[in-house]
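Q: What follows is query_21.txt, compact mmCIF, C-alpha atoms.
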# COMPACT_ATOMS: atom_id res chain seq x y z
CA MET A 1 -4.57 28.76 124.40
CA ARG A 2 -6.42 26.92 127.14
CA LEU A 3 -9.20 29.49 127.05
CA ARG A 4 -9.55 29.03 123.29
CA LEU A 5 -9.74 25.26 123.66
CA ALA A 6 -12.30 25.57 126.43
CA ALA A 7 -14.40 27.93 124.31
CA LEU A 8 -14.16 25.56 121.33
CA LEU A 9 -15.17 22.59 123.47
CA LEU A 10 -18.15 24.50 124.87
CA THR A 11 -19.25 25.48 121.36
CA LEU A 12 -19.03 21.86 120.19
CA LEU A 13 -21.01 20.64 123.19
CA MET A 14 -23.73 23.23 122.60
CA SER A 15 -23.91 22.33 118.92
CA ALA A 16 -24.22 18.64 119.80
CA ALA A 17 -27.00 19.40 122.26
CA ARG A 18 -28.88 21.39 119.61
CA ALA A 19 -28.41 18.60 117.08
CA ALA A 20 -29.44 15.82 119.46
CA PRO A 21 -32.60 14.06 118.31
CA ALA A 22 -35.77 14.64 120.28
CA PRO A 23 -36.48 11.83 122.76
CA ALA A 24 -38.77 9.13 121.46
CA PRO A 25 -41.86 8.43 123.55
CA GLN A 26 -42.62 4.99 124.94
CA GLN A 27 -46.00 3.43 124.21
CA ILE A 28 -47.94 2.52 127.34
CA ASP A 29 -51.07 0.38 127.54
CA ILE A 30 -53.51 1.34 130.27
CA PRO A 31 -56.35 -1.03 131.21
CA LEU A 32 -59.84 0.27 130.47
CA SER A 33 -63.17 -1.29 131.21
CA GLY A 34 -63.73 -3.28 128.03
CA GLY A 35 -60.51 -2.30 126.30
CA VAL A 36 -57.05 -0.79 126.39
CA LEU A 37 -56.06 2.87 126.34
CA HIS A 38 -52.84 3.44 124.43
CA ALA A 39 -50.70 6.35 125.58
CA GLN A 40 -47.32 7.87 124.77
CA LEU A 41 -44.91 8.51 127.63
CA PHE A 42 -42.05 11.02 127.76
CA LYS A 43 -40.07 10.38 130.94
CA PRO A 44 -36.89 11.97 132.32
CA GLU A 45 -33.87 9.77 132.85
CA GLY A 46 -33.51 8.26 136.29
CA GLU A 47 -35.76 6.58 138.81
CA GLY A 48 -37.76 9.59 139.97
CA PRO A 49 -40.20 10.15 141.46
CA PHE A 50 -41.13 12.80 138.87
CA PRO A 51 -43.96 15.30 138.74
CA THR A 52 -46.19 14.06 135.96
CA VAL A 53 -48.47 15.82 133.49
CA VAL A 54 -51.34 14.04 131.75
CA ALA A 55 -51.75 15.81 128.39
CA LEU A 56 -55.09 15.55 126.56
CA HIS A 57 -55.25 16.00 122.81
CA GLY A 58 -57.88 17.94 120.90
CA CYS A 59 -60.49 16.74 118.41
CA GLY A 60 -57.87 16.15 115.72
CA GLY A 61 -56.38 13.26 117.69
CA LEU A 62 -52.99 12.63 119.25
CA GLY A 63 -50.98 11.44 116.28
CA GLY A 64 -50.94 10.96 112.56
CA HIS A 65 -48.88 9.03 110.06
CA PRO A 66 -45.97 8.70 110.66
CA ASP A 67 -45.97 10.49 114.04
CA ALA A 68 -47.33 8.84 117.16
CA VAL A 69 -47.50 12.35 118.65
CA LEU A 70 -48.26 15.38 116.47
CA PRO A 71 -45.65 18.16 116.57
CA ARG A 72 -47.96 20.54 118.49
CA TYR A 73 -48.19 18.08 121.41
CA ARG A 74 -44.60 16.92 121.10
CA ASP A 75 -43.42 20.54 121.44
CA TRP A 76 -45.30 20.91 124.72
CA ALA A 77 -44.19 17.48 125.94
CA GLU A 78 -40.55 18.30 125.28
CA ASP A 79 -40.83 21.66 127.08
CA LEU A 80 -42.43 19.98 130.09
CA LEU A 81 -39.83 17.21 129.98
CA LYS A 82 -36.99 19.74 130.05
CA ALA A 83 -38.54 21.20 133.20
CA GLY A 84 -38.28 17.80 134.89
CA ASN A 85 -41.79 16.48 134.31
CA ALA A 86 -42.85 13.14 132.95
CA VAL A 87 -45.58 13.60 130.34
CA LEU A 88 -48.21 10.99 129.52
CA LEU A 89 -50.45 11.52 126.48
CA PRO A 90 -53.46 9.18 126.30
CA ASP A 91 -54.78 8.49 122.78
CA SER A 92 -58.55 8.52 123.23
CA TYR A 93 -59.34 8.14 119.51
CA GLY A 94 -56.59 5.89 118.19
CA SER A 95 -57.17 3.45 121.05
CA ARG A 96 -60.74 3.05 119.75
CA GLU A 97 -59.61 2.86 116.10
CA LEU A 98 -61.08 6.28 115.36
CA GLY A 99 -59.63 9.11 113.33
CA PRO A 100 -60.15 12.83 113.91
CA GLN A 101 -63.51 13.69 115.43
CA CYS A 102 -63.68 17.45 114.78
CA ARG A 103 -66.34 17.18 112.09
CA VAL A 104 -68.16 14.10 113.35
CA LYS A 105 -71.64 15.23 114.38
CA GLU A 106 -72.41 12.40 116.82
CA GLY A 107 -69.04 11.42 118.16
CA HIS A 108 -68.53 7.98 119.67
CA VAL A 109 -66.12 9.43 122.25
CA LYS A 110 -67.69 12.15 124.37
CA ALA A 111 -65.61 14.65 126.35
CA ARG A 112 -67.88 14.25 129.37
CA ARG A 113 -68.04 10.45 129.24
CA GLU A 114 -65.38 8.32 127.52
CA ARG A 115 -62.66 10.92 127.80
CA VAL A 116 -63.32 11.39 131.51
CA ALA A 117 -63.12 7.60 131.87
CA ASP A 118 -59.74 7.75 130.12
CA ILE A 119 -58.54 10.38 132.59
CA VAL A 120 -59.71 8.27 135.54
CA ALA A 121 -57.98 5.16 134.17
CA THR A 122 -54.78 7.10 133.49
CA ARG A 123 -54.66 8.44 137.03
CA ALA A 124 -55.24 4.95 138.47
CA TRP A 125 -52.37 3.60 136.37
CA LEU A 126 -50.02 6.42 137.37
CA MET A 127 -50.71 5.88 141.06
CA LYS A 128 -49.18 2.40 140.71
CA GLN A 129 -45.91 3.57 139.14
CA ASN A 130 -42.87 3.99 141.39
CA TRP A 131 -41.40 6.74 139.20
CA VAL A 132 -44.44 9.01 139.71
CA ALA A 133 -44.59 11.70 142.40
CA ARG A 134 -48.18 10.82 143.28
CA ASP A 135 -48.94 14.17 144.88
CA ARG A 136 -47.74 16.07 141.79
CA VAL A 137 -49.86 14.68 138.95
CA SER A 138 -51.49 17.43 136.89
CA LEU A 139 -53.70 17.76 133.83
CA ILE A 140 -53.31 19.84 130.69
CA GLY A 141 -55.64 19.76 127.70
CA TRP A 142 -56.39 21.47 124.41
CA ALA A 143 -59.84 22.17 122.91
CA ASN A 144 -61.82 18.91 123.23
CA GLY A 145 -59.21 17.58 125.66
CA ALA A 146 -59.59 20.75 127.71
CA SER A 147 -63.36 20.28 127.73
CA ALA A 148 -62.86 16.73 129.04
CA LEU A 149 -60.56 18.15 131.70
CA LEU A 150 -63.29 20.54 132.86
CA TRP A 151 -65.64 17.61 133.36
CA ALA A 152 -62.99 15.50 135.10
CA VAL A 153 -62.15 18.11 137.76
CA ARG A 154 -65.75 18.71 138.84
CA PRO A 155 -66.28 17.80 142.52
CA GLN A 156 -68.73 15.01 141.66
CA ASN A 157 -66.03 13.24 139.63
CA ALA A 158 -63.55 12.96 142.52
CA ALA A 159 -61.96 9.53 142.91
CA ARG A 160 -63.00 7.50 145.91
CA ASP A 161 -59.60 6.15 146.82
CA ALA A 162 -56.89 7.16 149.26
CA ASN A 163 -54.42 8.40 146.62
CA PRO A 164 -53.74 12.12 146.12
CA ASP A 165 -56.00 14.00 143.71
CA PHE A 166 -54.69 15.89 140.68
CA ARG A 167 -52.54 18.78 141.81
CA ALA A 168 -53.47 21.27 139.09
CA ALA A 169 -55.27 21.57 135.76
CA ILE A 170 -54.70 23.78 132.71
CA ALA A 171 -57.29 24.10 129.94
CA PHE A 172 -56.39 25.66 126.57
CA TYR A 173 -59.43 27.10 124.75
CA PRO A 174 -62.09 24.62 125.95
CA ASP A 175 -65.72 24.80 124.88
CA CYS A 176 -67.15 26.27 128.08
CA ARG A 177 -70.73 26.75 126.92
CA ILE A 178 -72.23 23.66 128.55
CA SER A 179 -70.14 23.99 131.71
CA ALA A 180 -71.10 27.65 132.11
CA GLY A 181 -74.77 26.75 131.95
CA LEU A 182 -74.43 23.94 134.49
CA GLY A 183 -72.86 25.97 137.27
CA TRP A 184 -69.39 24.47 136.87
CA SER A 185 -66.92 24.35 139.73
CA THR A 186 -63.66 22.51 140.31
CA ARG A 187 -62.01 20.65 143.16
CA VAL A 188 -58.55 21.23 141.59
CA PRO A 189 -56.82 24.59 140.99
CA THR A 190 -57.67 25.24 137.34
CA LEU A 191 -56.25 27.70 134.82
CA VAL A 192 -58.09 28.52 131.57
CA LEU A 193 -56.16 30.06 128.66
CA ILE A 194 -58.06 31.33 125.62
CA GLY A 195 -57.78 33.87 122.83
CA GLY A 196 -60.09 36.87 122.93
CA LYS A 197 -60.90 36.39 119.23
CA ASP A 198 -61.43 32.63 119.47
CA ASP A 199 -64.43 31.94 117.23
CA VAL A 200 -64.24 28.17 117.61
CA SER A 201 -64.64 28.14 121.38
CA SER A 202 -66.37 30.94 123.30
CA PRO A 203 -64.28 33.33 125.44
CA PRO A 204 -67.41 34.93 127.01
CA ALA A 205 -68.70 31.50 128.07
CA CYS A 206 -65.33 30.66 129.66
CA ARG A 207 -65.33 33.96 131.50
CA GLN A 208 -68.88 33.29 132.72
CA MET A 209 -67.90 29.78 133.81
CA VAL A 210 -64.88 30.94 135.81
CA ASP A 211 -66.65 33.95 137.35
CA GLY A 212 -69.58 31.75 138.34
CA ALA A 213 -67.28 29.36 140.20
CA LEU A 214 -65.82 32.02 142.47
CA GLY A 215 -66.58 31.48 146.13
CA ARG A 216 -67.71 27.87 145.76
CA SER A 217 -64.78 26.24 144.06
CA ALA A 218 -61.09 25.54 144.25
CA LEU A 219 -58.90 28.30 142.83
CA THR A 220 -59.78 29.17 139.23
CA ARG A 221 -58.20 31.73 136.93
CA ILE A 222 -58.73 32.72 133.32
CA VAL A 223 -56.27 34.46 131.00
CA VAL A 224 -57.76 35.93 127.83
CA TYR A 225 -55.30 37.01 125.13
CA PRO A 226 -57.07 39.90 123.37
CA GLY A 227 -55.76 39.46 119.81
CA ALA A 228 -55.37 35.68 119.76
CA TYR A 229 -57.45 33.05 117.96
CA HIS A 230 -57.94 29.31 118.45
CA ASP A 231 -54.71 27.25 118.57
CA PHE A 232 -52.69 30.36 119.44
CA ASP A 233 -50.02 28.21 121.13
CA ARG A 234 -49.48 25.98 118.09
CA ALA A 235 -46.13 26.90 116.55
CA ASN A 236 -45.65 27.97 112.92
CA THR A 237 -49.33 28.06 112.00
CA PRO A 238 -50.36 31.10 109.92
CA LEU A 239 -53.76 32.52 110.84
CA HIS A 240 -56.40 31.13 108.48
CA ALA A 241 -60.14 30.58 108.17
CA LEU A 242 -61.46 27.03 108.49
CA ALA A 243 -64.63 27.47 106.43
CA GLY A 244 -64.36 25.63 103.14
CA THR A 245 -61.31 23.57 104.10
CA GLY A 246 -61.52 19.80 103.93
CA ASP A 247 -59.21 19.08 106.84
CA ALA A 248 -61.05 16.56 109.02
CA ALA A 249 -58.64 17.27 111.88
CA THR A 250 -59.91 20.85 112.32
CA PRO A 251 -63.29 22.32 113.29
CA GLU A 252 -65.68 23.25 110.49
CA HIS A 253 -65.82 26.97 111.19
CA GLY A 254 -63.76 29.75 112.74
CA HIS A 255 -60.11 30.70 112.53
CA LEU A 256 -56.92 29.30 113.96
CA GLY A 257 -53.29 30.29 114.00
CA THR A 258 -50.22 31.09 116.07
CA ASP A 259 -50.01 34.21 118.19
CA ALA A 260 -46.35 34.52 119.15
CA ASP A 261 -46.90 36.76 122.18
CA ALA A 262 -49.77 34.67 123.55
CA ARG A 263 -47.82 31.46 122.92
CA ALA A 264 -44.79 32.77 124.83
CA ASP A 265 -46.88 34.02 127.73
CA SER A 266 -48.86 30.78 127.92
CA GLN A 267 -45.61 28.85 128.29
CA LYS A 268 -44.76 31.01 131.30
CA GLN A 269 -48.29 30.66 132.70
CA VAL A 270 -48.15 26.86 132.44
CA ALA A 271 -44.75 26.64 134.13
CA ALA A 272 -45.88 28.89 136.98
CA TRP A 273 -49.19 27.06 137.48
CA LEU A 274 -47.53 23.64 137.62
CA ALA A 275 -44.93 24.95 140.07
CA ARG A 276 -47.52 26.15 142.58
Produce structure tokens that represent the structure in this file.
A:
Amino acid sequence: MRLRLAALLLTLLMSAARAAPAPAPQQIDIPLSGGVLHAQLFKPEGEGPFPTVVALHGCGGLGGHPDAVLPRYRDWAEDLLKAGNAVLLPDSYGSRELGPQCRVKEGHVKARRERVADIVATRAWLMKQNWVARDRVSLIGWANGASALLWAVRPQNAARDANPDFRAAIAFYPDCRISAGLGWSTRVPTLVLIGGKDDVSSPPACRQMVDGALGRSALTRIVVYPGAYHDFDRANTPLHALAGTGDAATPEHGHLGTDADARADSQKQVAAWLAR
């Protein structure tokens, strides 16, 4: 009888855990030169200090009505939160009253300029928070956010203060074409994850960029998923062509869609890279 009651109680507790609502993020305002950078914070309970991940959205933006954080970024934030990380997601477009920038030819927010400034300001803010493990602050980014990450970790963009640098960086399907041509290198261990069939970004350019950094850079590694396309880690997204669609939050050309195997492996790769 006791065993049956214990089993019933365990079942009820597991059902309650599954039914529990996802944690709501807290809006944070980070000072910027000439403005304010809004960000969404997912933080574990307790005082910390917690390892912290700065997560950088793609060209479609961080949120959309009515969500402050789109499901694709919320999914990652919740996974990282369950692993004990705080997750801070700066909103580079919404903070400047801009919508999606995927199809804007001359964007007002450049990956190599304004978005790098956002990363610098976010790090400076985090270094002042008691709940942050200052030596365990890492970066993760997708598409345009990953491109900004590649600029931010270059040696010439190192902060000139006494605080610890970023511990690690993870770039999902960045546009590596400019970086590859500029002789990119990184001061931070950097992992690049991209689909072999990505026709929005360029897998060969990312391979060239990473190979070119060997021997004159911090640790770099690239994982290419042979059958995967752009946005392979985005859940529940059937593979589809972008040409002819009017969705301003997606690139103009190419294909995107979930690849279940690549998505699952990338989750393992991210966990292992952050745990280094």
Q: Using only C-alpha atoms, which protein or nucleic acid residues come within 7 Å of His57 (chain A)? Drop anything in the same chain fewer than 2 positions from it, and give the result as a count of residues only.
A: 7
Q: Tell me which of A:Glu97, A:Ser92, A:Cys102, A:Pro49 sits closest to Ala248 (chain A), counting all atoms listed in the file.
A: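 Smallest separation from Ala248 (chain A) among the options: A:Cys102.
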Q: Each residue of region 126-172 of chain A lying at most 10 Å from region 26-48 of chain A should get a row with its shortest atom-to-atom pair and the distance in Å to one decimal, counting all atoms listed in the file; could you produce that, ordered by chain and increasing number, as JSON lines?
A:
{"residue": "A:Leu126", "atom": "CA", "partner": "A:Ile30", "partner_atom": "CA", "distance": 9.4}
{"residue": "A:Asn130", "atom": "CA", "partner": "A:Gly48", "partner_atom": "CA", "distance": 7.7}
{"residue": "A:Trp131", "atom": "CA", "partner": "A:Gly48", "partner_atom": "CA", "distance": 4.7}
{"residue": "A:Val132", "atom": "CA", "partner": "A:Gly48", "partner_atom": "CA", "distance": 6.7}
{"residue": "A:Ala133", "atom": "CA", "partner": "A:Gly48", "partner_atom": "CA", "distance": 7.6}
Q: Which value, in Å to one decimal, gives the distance between CA of Ala180 (chain A) and CA of Ser201 (chain A)?
A: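 According to the coordinates, CA of Ala180 (chain A) and CA of Ser201 (chain A) are separated by 12.5 Å.
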Q: Using all atoms listed in the file, which of the listed residues (A:Val54, A:Ala117, A:Met209, A:Ala228) sits closest to Ala168 (chain A)?
A: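 Closest to Ala168 (chain A), using all atoms listed in the file: A:Val54.
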Q: Axis-aligned box over every listed atom of region 91-107 of chain A, padded by 6 Å per side: centre and edges in Å to one decimal, as JSON?
A:
{"center_x": -63.6, "center_y": 10.2, "center_z": 117.7, "size_x": 29.6, "size_y": 26.6, "size_z": 23.1}
Q: Can you pull out every residue within 12 Å of Asp161 (chain A), counting only C-alpha atoms, but drop anything in the same chain fewer than 4 positions away, and send it as number ranges by chain?
A: A: 120, 123-124, 127, 157, 165
Q: Expressed in Å to a single decimal, how great is the separation between CA of Ala205 (chain A) and CA of Val224 (chain A)?
A: 11.8 Å
Q: With only C-alpha atoms as the atoms that count, which of A:Val153, A:Leu56, A:Leu98, A:Ile178 lies nearest to Asp118 (chain A)?
A: A:Leu56
Q: Nearest residue to Phe172 (chain A) out of A:Lys197, A:His230, A:His65, A:His253, using all atoms listed in the file?
A: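 Of A:Lys197, A:His230, A:His65, A:His253, the one nearest Phe172 (chain A) is A:His230, counting all atoms listed in the file.
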Q: I'd like the contact shell of region 261-265 of chain A - 7 Å cut-off, only C-alpha atoms, skipping same-chain residues fewer than 5 positions apart - returned as a PDB file with C-alpha atoms, in the frame of the given file.
A:
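Result file is part39.pdb:
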ATOM      1  CA  TYR A 225     -55.300  37.010 125.130  1.00  0.00           C
ATOM      2  CA  ALA A 228     -55.370  35.680 119.760  1.00  0.00           C
ATOM      3  CA  PHE A 232     -52.690  30.360 119.440  1.00  0.00           C
ATOM      4  CA  ASP A 233     -50.020  28.210 121.130  1.00  0.00           C
TER       5      ASP A 233
END
Q: Pick out the residues sitting within 12 Å of Arg74 (chain A), and hand them over as a list in words; count all atoms listed in the file, and ignore anything fewer than 3 positions along from it in its own chain.
A: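 Here the answer would be Ala22, Pro23, Ala24, Pro25, Gln40, Leu41, Phe42, Ala55, Leu56, His57, Leu62, Gly63, Asp67, Ala68, Val69, Leu70, Pro71, Ala77, Glu78, Asp79, Leu80, Leu81, Val87, Leu88, Leu89, Arg234 and Ala235 of chain A.
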Q: Between A:Pro203, A:Pro238, A:Pro164, A:Gly244, which is the closest to Pro226 (chain A) once you count only C-alpha atoms?
A: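 Distance minimum relative to Pro226 (chain A) lands on A:Pro203.
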Q: So which one's closest to Thr237 (chain A), A:Ser202, A:Ser217, A:Gln101, A:Thr258? Using all atoms listed in the file, please.
A: A:Thr258
Q: Would you work out the distance separating CA of Gly94 (chain A) from CA of Val53 (chain A), expressed in Å to one decimal?
A: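 If I compute the distance from CA of Gly94 (chain A) to CA of Val53 (chain A), I get 20.0 Å.
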Q: Just give me the residues with any atom within 12 Å of (-62.1, 23.4, 141.0), file coordinates, counting only C-alpha atoms, written as JSON, numbers by chain.
A: {"A": [149, 150, 151, 152, 153, 154, 155, 156, 157, 158, 165, 166, 167, 168, 169, 170, 183, 184, 185, 186, 187, 188, 189, 190, 191, 192, 209, 210, 212, 213, 214, 215, 216, 217, 218, 219, 220, 221]}
